[in-house]
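Asks: This structure is in structure tokens; I'll ask about it shortly.
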Amino acid sequence: MGGLLALIMGLPKSNPVAELVVVAWHFPDQIVWSRNFDGKTFESTFKRDEDFLVEQMGPLSLYLQPMCEGGRLVYRLIATQIGPIALPRFFAPSMNAWESEKDGKYAFEVDVSLPLLGRLVRYAGQLELEQLAA
């Protein structure tokens, strides 16, 4: 069921060897991430809201609390909203997300599941960083 919802949301199909390209645009008030999985693009916007980092994907907002744990930057999902409506915890997704540096590369993992429906998306790996000209 999680896979069907992922398809409806425009998330990529499962592929353990997918090519991933991430492009991030940094603005004074937000960061826009465009993730391209084997030619399928998924975008989200990040903004600061007091002590939280809010990831926005259409009407869905994930309130993340960044924390340092074991040499990694870990993102704890604190709250979820659809538009102005806060989802009760039993309807909200669970998320394991972290980033770190490993051998000069950006290492990461994102794993999102929904109650009763299962895994929505998981991706992990290492990216080689490249700065694009403005």
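Residue numbering restarts at 1 for every chain of the structure tokens, chains are lettered A, B, ... in their displayed order, and ligands are numbered from 1 as they appear.
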Give me the residues near segment 55-71 of chain A as a PyMOL selection string, where near means some atom within 12 Å (using only C-alpha atoms) and where sequence neighbours in that chain fewer than 2 positions away do not count.

Replies: chain A and resi 9-11+30-34+42-53+73-87+92-102+107+112

Asks: Between A:Val121, A:Val54, A:Phe91, A:Leu127, which one has atoms that come closest to Pro16 of chain A, using only C-alpha atoms?

Replies: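 The answer is A:Val121, which sits nearest to Pro16 of chain A.
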